[in-house]
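Below is one structure; the comments refer to it alone.
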Amino acid sequence: MHQPELLAPAGTLDHLHVALAYGADAVYAGQPRYSLRVRNNSFKDVTALAQGIEETRRQGKQFYLVSNISPHNNKVRSYLRDLEPVIELQPDALIMSDPGLIMLVRERWPDQPIHLSVQANAVNWATVEFWRRQGISRVILSRELALDEIREIREQVPTMELEVFVHGALCMAYSGRCLLSGYMNHRDANQGACTNACRWNYKPVQHDHDQTGDLIATSADSVEQVEPKEILLEEPNRPGGFIPAYEDEHGTYIMNSKDLRAVQHVAELVKMGVHSLKIEGRTKSTYYVARTTGVYRRAIDEAVAGKPFDMAMMDELEALSNRGYTEGFLRRHVPQEYQTYEQGSSYLGTQQVVGTISAREGQWLTVEVKNQFRPGDQLELITPAGNVRLTTDRMETTEGQPLERAPGSGYRVRIPVSAALPENLGHAYLTRVDRS
């Protein structure tokens, strides 16, 4: 069976190292000025990019440079100049969306592979065929496609590599083309500066009407709210098409989308011959990269081996903080066994990272503490070689003094572990499992 590439995010060199350790076949990163991730992006200079590309190539993996903004004239003027030293590093592909920039790159560097970004909104086979004729080597399909549509595109344009997002944040706008952040506080999402205004909480304020009938604020104070509000919306031309809206003590989140989780569809995408499965999250934590990459690595390997889907992988992803999971547009009707996992209340995740492993002496682990934990807590060790559930009844300082708890970030403690451990504990995370 076809073995698709697992593509993981690399917002920093640390993220890159973790992604490769946990089984990614390729990583993607971008220059802040020309990609959609200005914040939390350490690839601001060619030196950092050179280190990332060198390390990826040393491990026999692929490095893709994201260059997918919607550029205004001032960025077009500087684009080729700033890209030239990066091209000399020979990234395996550029991820691009703007036809003008694609034209300039094709003219200047005709042998440079280009992948069409999801920002270009490819939703049909004719669009994919068009870009194939322009010399694009891979199309990252829009997130708004169903499985049947992806299958038809695969059949109609069999020579084009296809890439599909399988996990991460979803945007309330079509494939991320949103103007809300730019309108609300002049930070344009299409220039990489999105403030996620769709996910802010909005509270009602005291108001009245002016002479024209428009609403005007009469007080800066929020309307006092005792009970949570539940509103069922109905559009007059669509009777029976009800849309629920909720408002609690924190406000209302009517525009906030859930997170994509499509691990249950990996086998189907493998059968279709999709070339690459992509995880979103260049601004997420290294733990997020480790956990998602490890789960999807296993999902791909087991699908290729013909093994049945293991629902435990759904639970593993619940360990991460999330906005509630959805499988997006991949299916119209979701089976009941998957619906039980669609919980909007699992925002903090079922596990919390309490530390990373900095040293091992026999069955003793030295933990760089991130959050408090105590002897007797149910723990899980997350490693590139697999996960291990464990408990410990003792804890001590690095000088051997007994402790009743690990105080928190900035401390180092030692714990004894009786469970069998993998040989390599590089990039290992210790998490506390929620007992509830």
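We name chains A, B, ... following the order of the structure tokens; residues begin at 1 in each chain, and ligands are numbered from 1 as shown.
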Give me, as a JSON list (two decimals) with N, CA, C and O atoms, in the first residue's frame, all polymer residues having an atom no more than 12 Å from segment 262-265 of chain A, counting only C-alpha atoms and skipping those fewer than 6 positions away in the same chain.
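Just written: around.json:
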[["chain", "number", "residue", "atom", "x", "y", "z"],
["A", 143, "ARG", "N", -9.20, 22.80, 3.09],
["A", 143, "ARG", "CA", -9.76, 22.05, 4.22],
["A", 143, "ARG", "C", -11.26, 21.83, 4.08],
["A", 143, "ARG", "O", -11.85, 21.06, 4.85],
["A", 146, "ALA", "N", -14.65, 17.20, 1.11],
["A", 146, "ALA", "CA", -15.07, 15.92, 1.66],
["A", 146, "ALA", "C", -14.17, 14.81, 1.11],
["A", 146, "ALA", "O", -13.48, 14.99, 0.10],
["A", 147, "LEU", "N", -14.22, 13.65, 1.75],
["A", 147, "LEU", "CA", -13.40, 12.53, 1.31],
["A", 147, "LEU", "C", -13.69, 12.15, -0.14],
["A", 147, "LEU", "O", -12.77, 11.86, -0.91],
["A", 164, "VAL", "N", -3.05, 16.76, 2.35],
["A", 164, "VAL", "CA", -4.31, 16.98, 3.07],
["A", 164, "VAL", "C", -4.01, 17.25, 4.54],
["A", 164, "VAL", "O", -3.23, 16.53, 5.17],
["A", 165, "PHE", "N", -4.61, 18.30, 5.10],
["A", 165, "PHE", "CA", -4.52, 18.56, 6.53],
["A", 165, "PHE", "C", -5.31, 17.51, 7.29],
["A", 165, "PHE", "O", -6.45, 17.20, 6.94],
["A", 166, "VAL", "N", -4.72, 16.98, 8.37],
["A", 166, "VAL", "CA", -5.41, 15.96, 9.17],
["A", 166, "VAL", "C", -5.56, 16.37, 10.63],
["A", 166, "VAL", "O", -6.33, 15.74, 11.37],
["A", 167, "HIS", "N", -4.86, 17.41, 11.07],
["A", 167, "HIS", "CA", -4.98, 17.78, 12.48],
["A", 167, "HIS", "C", -4.58, 19.23, 12.70],
["A", 167, "HIS", "O", -3.67, 19.74, 12.05],
["A", 168, "GLY", "N", -5.29, 19.90, 13.62],
["A", 168, "GLY", "CA", -4.91, 21.24, 14.04],
["A", 168, "GLY", "C", -6.05, 22.23, 14.00],
["A", 168, "GLY", "O", -7.22, 21.88, 13.79],
["A", 169, "ALA", "N", -5.72, 23.48, 14.22],
["A", 169, "ALA", "CA", -6.72, 24.54, 14.29],
["A", 169, "ALA", "C", -7.40, 24.75, 12.94],
["A", 169, "ALA", "O", -6.77, 24.66, 11.89],
["A", 271, "LYS", "N", -5.40, 4.81, 1.29],
["A", 271, "LYS", "CA", -5.92, 4.02, 0.17],
["A", 271, "LYS", "C", -6.10, 4.87, -1.08],
["A", 271, "LYS", "O", -5.91, 4.39, -2.20],
["A", 272, "MET", "N", -6.47, 6.12, -0.91],
["A", 272, "MET", "CA", -6.66, 7.02, -2.06],
["A", 272, "MET", "C", -5.35, 7.32, -2.77],
["A", 272, "MET", "O", -5.34, 7.71, -3.93],
["A", 274, "VAL", "N", -3.16, 9.62, -1.31],
["A", 274, "VAL", "CA", -2.75, 10.97, -0.93],
["A", 274, "VAL", "C", -1.28, 10.94, -0.55],
["A", 274, "VAL", "O", -0.84, 10.07, 0.20],
["A", 277, "LEU", "N", 0.22, 13.82, 4.53],
["A", 277, "LEU", "CA", -0.75, 14.14, 5.58],
["A", 277, "LEU", "C", -0.10, 15.17, 6.50],
["A", 277, "LEU", "O", 0.98, 14.95, 7.03],
["A", 278, "LYS", "N", -0.81, 16.28, 6.70],
["A", 278, "LYS", "CA", -0.19, 17.45, 7.32],
["A", 278, "LYS", "C", -0.82, 17.79, 8.67],
["A", 278, "LYS", "O", -2.04, 17.81, 8.81],
["A", 279, "ILE", "N", 0.05, 18.10, 9.64],
["A", 279, "ILE", "CA", -0.37, 18.55, 10.96],
["A", 279, "ILE", "C", -0.16, 20.06, 11.04],
["A", 279, "ILE", "O", 0.92, 20.56, 10.72],
["A", 280, "GLU", "N", -1.18, 20.78, 11.47],
["A", 280, "GLU", "CA", -1.09, 22.23, 11.66],
["A", 280, "GLU", "C", -0.52, 22.53, 13.04],
["A", 280, "GLU", "O", -0.70, 21.75, 13.96],
["A", 292, "THR", "N", 1.15, 14.83, 18.63],
["A", 292, "THR", "CA", 0.44, 14.65, 17.36],
["A", 292, "THR", "C", 1.28, 13.87, 16.36],
["A", 292, "THR", "O", 0.76, 12.98, 15.68],
["A", 293, "THR", "N", 2.56, 14.19, 16.26],
["A", 293, "THR", "CA", 3.41, 13.48, 15.31],
["A", 293, "THR", "C", 3.49, 12.00, 15.66],
["A", 293, "THR", "O", 3.40, 11.13, 14.78],
["A", 294, "GLY", "N", 3.63, 11.68, 16.96],
["A", 294, "GLY", "CA", 3.70, 10.29, 17.36],
["A", 294, "GLY", "C", 2.44, 9.52, 17.05],
["A", 294, "GLY", "O", 2.49, 8.37, 16.56],
["A", 295, "VAL", "N", 1.28, 10.14, 17.29],
["A", 295, "VAL", "CA", 0.00, 9.47, 17.03],
["A", 295, "VAL", "C", -0.20, 9.25, 15.53],
["A", 295, "VAL", "O", -0.56, 8.15, 15.09],
["A", 296, "TYR", "N", 0.04, 10.27, 14.73],
["A", 296, "TYR", "CA", -0.19, 10.12, 13.28],
["A", 296, "TYR", "C", 0.87, 9.24, 12.62],
["A", 296, "TYR", "O", 0.58, 8.60, 11.60],
["A", 297, "ARG", "N", 2.07, 9.18, 13.19],
["A", 297, "ARG", "CA", 3.07, 8.23, 12.70],
["A", 297, "ARG", "C", 2.55, 6.80, 12.85],
["A", 297, "ARG", "O", 2.63, 5.98, 11.95],
["A", 298, "ARG", "N", 2.02, 6.54, 14.03],
["A", 298, "ARG", "CA", 1.47, 5.21, 14.29],
["A", 298, "ARG", "C", 0.26, 4.93, 13.40],
["A", 298, "ARG", "O", 0.12, 3.83, 12.85],
["A", 299, "ALA", "N", -0.60, 5.93, 13.21],
["A", 299, "ALA", "CA", -1.81, 5.74, 12.38],
["A", 299, "ALA", "C", -1.42, 5.40, 10.95],
["A", 299, "ALA", "O", -2.03, 4.51, 10.32],
["A", 300, "ILE", "N", -0.42, 6.09, 10.40],
["A", 300, "ILE", "CA", 0.01, 5.81, 9.03],
["A", 300, "ILE", "C", 0.62, 4.42, 8.92],
["A", 300, "ILE", "O", 0.28, 3.64, 8.03],
["A", 302, "GLU", "N", 0.22, 1.79, 10.79],
["A", 302, "GLU", "CA", -0.75, 0.71, 10.97],
["A", 302, "GLU", "C", -1.70, 0.62, 9.78],
["A", 302, "GLU", "O", -2.12, -0.48, 9.39],
["A", 303, "ALA", "N", -2.04, 1.75, 9.18],
["A", 303, "ALA", "CA", -2.90, 1.73, 8.00],
["A", 303, "ALA", "C", -2.18, 1.05, 6.84],
["A", 303, "ALA", "O", -2.78, 0.24, 6.11],
["A", 308, "PRO", "N", -6.56, -2.78, 11.66],
["A", 308, "PRO", "CA", -7.78, -2.00, 11.91],
["A", 308, "PRO", "C", -7.46, -0.77, 12.74],
["A", 308, "PRO", "O", -6.48, -0.76, 13.52],
["A", 309, "PHE", "N", -8.28, 0.26, 12.60],
["A", 309, "PHE", "CA", -8.05, 1.50, 13.33],
["A", 309, "PHE", "C", -8.22, 1.29, 14.83],
["A", 309, "PHE", "O", -9.19, 0.68, 15.29],
["A", 310, "ASP", "N", -7.28, 1.81, 15.59],
["A", 310, "ASP", "CA", -7.29, 1.71, 17.04],
["A", 310, "ASP", "C", -7.88, 2.99, 17.62],
["A", 310, "ASP", "O", -7.27, 4.06, 17.54],
["A", 311, "MET", "N", -9.09, 2.89, 18.23],
["A", 311, "MET", "CA", -9.75, 4.06, 18.77],
["A", 311, "MET", "C", -8.95, 4.72, 19.90],
["A", 311, "MET", "O", -9.21, 5.87, 20.26],
["A", 312, "ALA", "N", -7.98, 4.00, 20.47],
["A", 312, "ALA", "CA", -7.17, 4.58, 21.54],
["A", 312, "ALA", "C", -6.42, 5.82, 21.07],
["A", 312, "ALA", "O", -6.08, 6.70, 21.87],
["A", 313, "MET", "N", -6.17, 5.91, 19.77],
["A", 313, "MET", "CA", -5.47, 7.08, 19.24],
["A", 313, "MET", "C", -6.32, 8.33, 19.38],
["A", 313, "MET", "O", -5.80, 9.44, 19.52],
["A", 314, "MET", "N", -7.65, 8.17, 19.35],
["A", 314, "MET", "CA", -8.54, 9.31, 19.58],
["A", 314, "MET", "C", -8.34, 9.82, 21.01],
["A", 314, "MET", "O", -8.27, 11.03, 21.25],
["A", 315, "ASP", "N", -8.24, 8.89, 21.95],
["A", 315, "ASP", "CA", -8.04, 9.26, 23.35],
["A", 315, "ASP", "C", -6.70, 9.95, 23.56],
["A", 315, "ASP", "O", -6.59, 10.90, 24.34],
["A", 316, "GLU", "N", -5.66, 9.46, 22.88],
["A", 316, "GLU", "CA", -4.35, 10.07, 23.02],
["A", 316, "GLU", "C", -4.37, 11.55, 22.61],
["A", 316, "GLU", "O", -3.73, 12.39, 23.24],
["A", 317, "LEU", "N", -5.12, 11.86, 21.57],
["A", 317, "LEU", "CA", -5.20, 13.25, 21.12],
["A", 317, "LEU", "C", -6.06, 14.09, 22.05],
["A", 317, "LEU", "O", -5.92, 15.32, 22.09],
["A", 318, "GLU", "N", -6.97, 13.44, 22.81],
["A", 318, "GLU", "CA", -7.73, 14.17, 23.82],
["A", 318, "GLU", "C", -6.82, 14.66, 24.93],
["A", 318, "GLU", "O", -7.19, 15.56, 25.69],
["A", 325, "TYR", "N", -13.06, 18.76, 19.36],
["A", 325, "TYR", "CA", -12.61, 18.24, 18.07],
["A", 325, "TYR", "C", -13.77, 18.07, 17.09],
["A", 325, "TYR", "O", -14.91, 17.81, 17.47],
["A", 326, "THR", "N", -13.42, 18.21, 15.84],
["A", 326, "THR", "CA", -14.33, 17.95, 14.73],
["A", 326, "THR", "C", -13.51, 17.30, 13.62],
["A", 326, "THR", "O", -12.30, 17.46, 13.57],
["A", 327, "GLU", "N", -14.17, 16.57, 12.73],
["A", 327, "GLU", "CA", -13.47, 16.07, 11.55],
["A", 327, "GLU", "C", -13.73, 16.96, 10.35],
["A", 327, "GLU", "O", -13.51, 16.58, 9.21],
["A", 328, "GLY", "N", -14.15, 18.18, 10.64],
["A", 328, "GLY", "CA", -14.31, 19.18, 9.59],
["A", 328, "GLY", "C", -15.34, 18.80, 8.55],
["A", 328, "GLY", "O", -16.44, 18.37, 8.88],
["A", 329, "PHE", "N", -14.97, 18.92, 7.28],
["A", 329, "PHE", "CA", -15.88, 18.67, 6.18],
["A", 329, "PHE", "C", -15.69, 17.28, 5.55],
["A", 329, "PHE", "O", -16.30, 16.98, 4.52],
["A", 330, "LEU", "N", -14.86, 16.45, 6.17],
["A", 330, "LEU", "CA", -14.52, 15.18, 5.55],
["A", 330, "LEU", "C", -15.73, 14.26, 5.40],
["A", 330, "LEU", "O", -15.82, 13.50, 4.44],
["A", 331, "ARG", "N", -16.65, 14.32, 6.37],
["A", 331, "ARG", "CA", -17.88, 13.53, 6.26],
["A", 331, "ARG", "C", -19.07, 14.37, 6.70],
["A", 331, "ARG", "O", -18.96, 15.19, 7.60],
["A", 334, "VAL", "N", -21.55, 11.78, 10.92],
["A", 334, "VAL", "CA", -20.53, 11.13, 11.72],
["A", 334, "VAL", "C", -21.13, 9.98, 12.51],
["A", 334, "VAL", "O", -22.14, 10.15, 13.18],
["A", 335, "PRO", "N", -20.53, 8.77, 12.46],
["A", 335, "PRO", "CA", -21.05, 7.64, 13.23],
["A", 335, "PRO", "C", -21.08, 7.93, 14.72],
["A", 335, "PRO", "O", -20.29, 8.73, 15.23],
["A", 337, "GLU", "N", -20.12, 6.29, 17.33],
["A", 337, "GLU", "CA", -18.95, 6.03, 18.15],
["A", 337, "GLU", "C", -17.93, 7.15, 18.09],
["A", 337, "GLU", "O", -17.13, 7.34, 18.99],
["A", 338, "TYR", "N", -17.95, 7.94, 16.99],
["A", 338, "TYR", "CA", -17.06, 9.08, 16.93],
["A", 338, "TYR", "C", -17.69, 10.30, 17.58],
["A", 338, "TYR", "O", -17.02, 11.16, 18.10],
["A", 341, "TYR", "N", -16.81, 11.42, 21.09],
["A", 341, "TYR", "CA", -15.53, 12.08, 21.33],
["A", 341, "TYR", "C", -15.60, 13.58, 21.04],
["A", 341, "TYR", "O", -14.66, 14.30, 21.34],
["A", 342, "GLU", "N", -16.67, 14.04, 20.44],
["A", 342, "GLU", "CA", -16.77, 15.43, 20.03],
["A", 342, "GLU", "C", -17.18, 16.29, 21.22],
["A", 342, "GLU", "O", -18.32, 16.72, 21.32]]
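Residues within 6 Å of segment 352-369 of chain A, counting only C-alpha atoms and excluding same-chain residues fewer than 2 positions away, are A:Asn371, A:Gly408, A:Ser409, A:Tyr411, A:Arg412, A:Val413, A:Arg414, A:Ile415, A:Pro416, A:Val417, A:Ala428, A:Tyr429, A:Leu430, A:Thr431, A:Arg432.
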**OP:** Tell me, as a ChimeraX atom specification, which residues lie within 9 Å of Val270 of chain A, counting only C-alpha atoms; anything in the same chain fewer than 6 positions away does not count.
**Re:** /A:1-4,300,303-304
**OP:** Rounded to one decimal place, report the atom CA of Gln378 of chain A-atom CA of Leu403 of chain A distance in Å.
**Re:**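 Calculated distance between atom CA of Gln378 of chain A and atom CA of Leu403 of chain A is 17.1 Å.
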Original post:
So which residues touch His427 of chain A within 7 Å, counting only C-alpha atoms, skipping near sequence neighbours fewer than 2 positions away, as a list in words?
Top reply: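 The filter keeps Val18, Thr383, Leu425 and Tyr429 of chain A.
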Restrict the selected residues to N, CA and C atoms and save them as an mmCIF file, in the first residue's frame.
data_model
loop_
_atom_site.group_PDB
_atom_site.id
_atom_site.type_symbol
_atom_site.label_atom_id
_atom_site.label_comp_id
_atom_site.auth_asym_id
_atom_site.auth_seq_id
_atom_site.Cartn_x
_atom_site.Cartn_y
_atom_site.Cartn_z
ATOM 1 N N VAL A 18 12.034 17.933 17.590
ATOM 2 C CA VAL A 18 11.019 17.057 18.184
ATOM 3 C C VAL A 18 10.218 16.348 17.093
ATOM 4 N N THR A 383 7.506 9.243 24.748
ATOM 5 C CA THR A 383 8.820 9.154 24.105
ATOM 6 C C THR A 383 8.650 8.832 22.625
ATOM 7 N N LEU A 425 15.659 8.276 25.759
ATOM 8 C CA LEU A 425 14.672 9.174 26.355
ATOM 9 C C LEU A 425 14.882 10.619 25.905
ATOM 10 N N TYR A 429 8.705 13.515 27.363
ATOM 11 C CA TYR A 429 7.864 14.371 28.192
ATOM 12 C C TYR A 429 7.188 13.531 29.263
#
If you count only C-alpha atoms, which residues fall within 8 Å of segment 60-62 of chain A, apart from same-chain ones fewer than 5 positions away, as a compact mmCIF listing (two decimals) with C-alpha atoms, in the first residue's frame?
# COMPACT_ATOMS: atom_id res chain seq x y z
CA ASP A 25 9.06 12.49 7.24
CA ALA A 26 9.12 16.22 6.54
CA VAL A 27 8.75 19.56 8.32
CA PRO A 91 14.85 23.75 0.48
CA ASP A 92 13.00 20.71 -0.86
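Nearest residue to Val66 of chain A, choosing from A:Leu83, A:Leu379, A:Ala50, A:Ile95 and counting only C-alpha atoms: A:Ile95.
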Subject >> Selection: 6 Å around Gln31 of chain A, only C-alpha atoms, excl. self and same-chain fewer than 4 positions, as a count of residues only >> reply: 3
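Those residues of segment 27-198 of chain A that DSSP, working from the backbone, places in strand (DSSP E) are Val27, Tyr28, Ala29, Gly30, Gln62, Phe63, Tyr64, Leu65, Val66, Ser67, Ala93, Leu94, Ile95, Met96, Ile114, His115, Leu116, Arg138, Val139, Ile140, Glu161, Leu162, Glu163, Val164, Phe165, Val166, His167, Gly168 and Ala169 of chain A.
In terms of minimum interatomic distance to Leu89 of chain A, A:Gln112 ranks closest within A:Ser321, A:Asn424, A:Thr283, A:Gln112, counting only C-alpha atoms.
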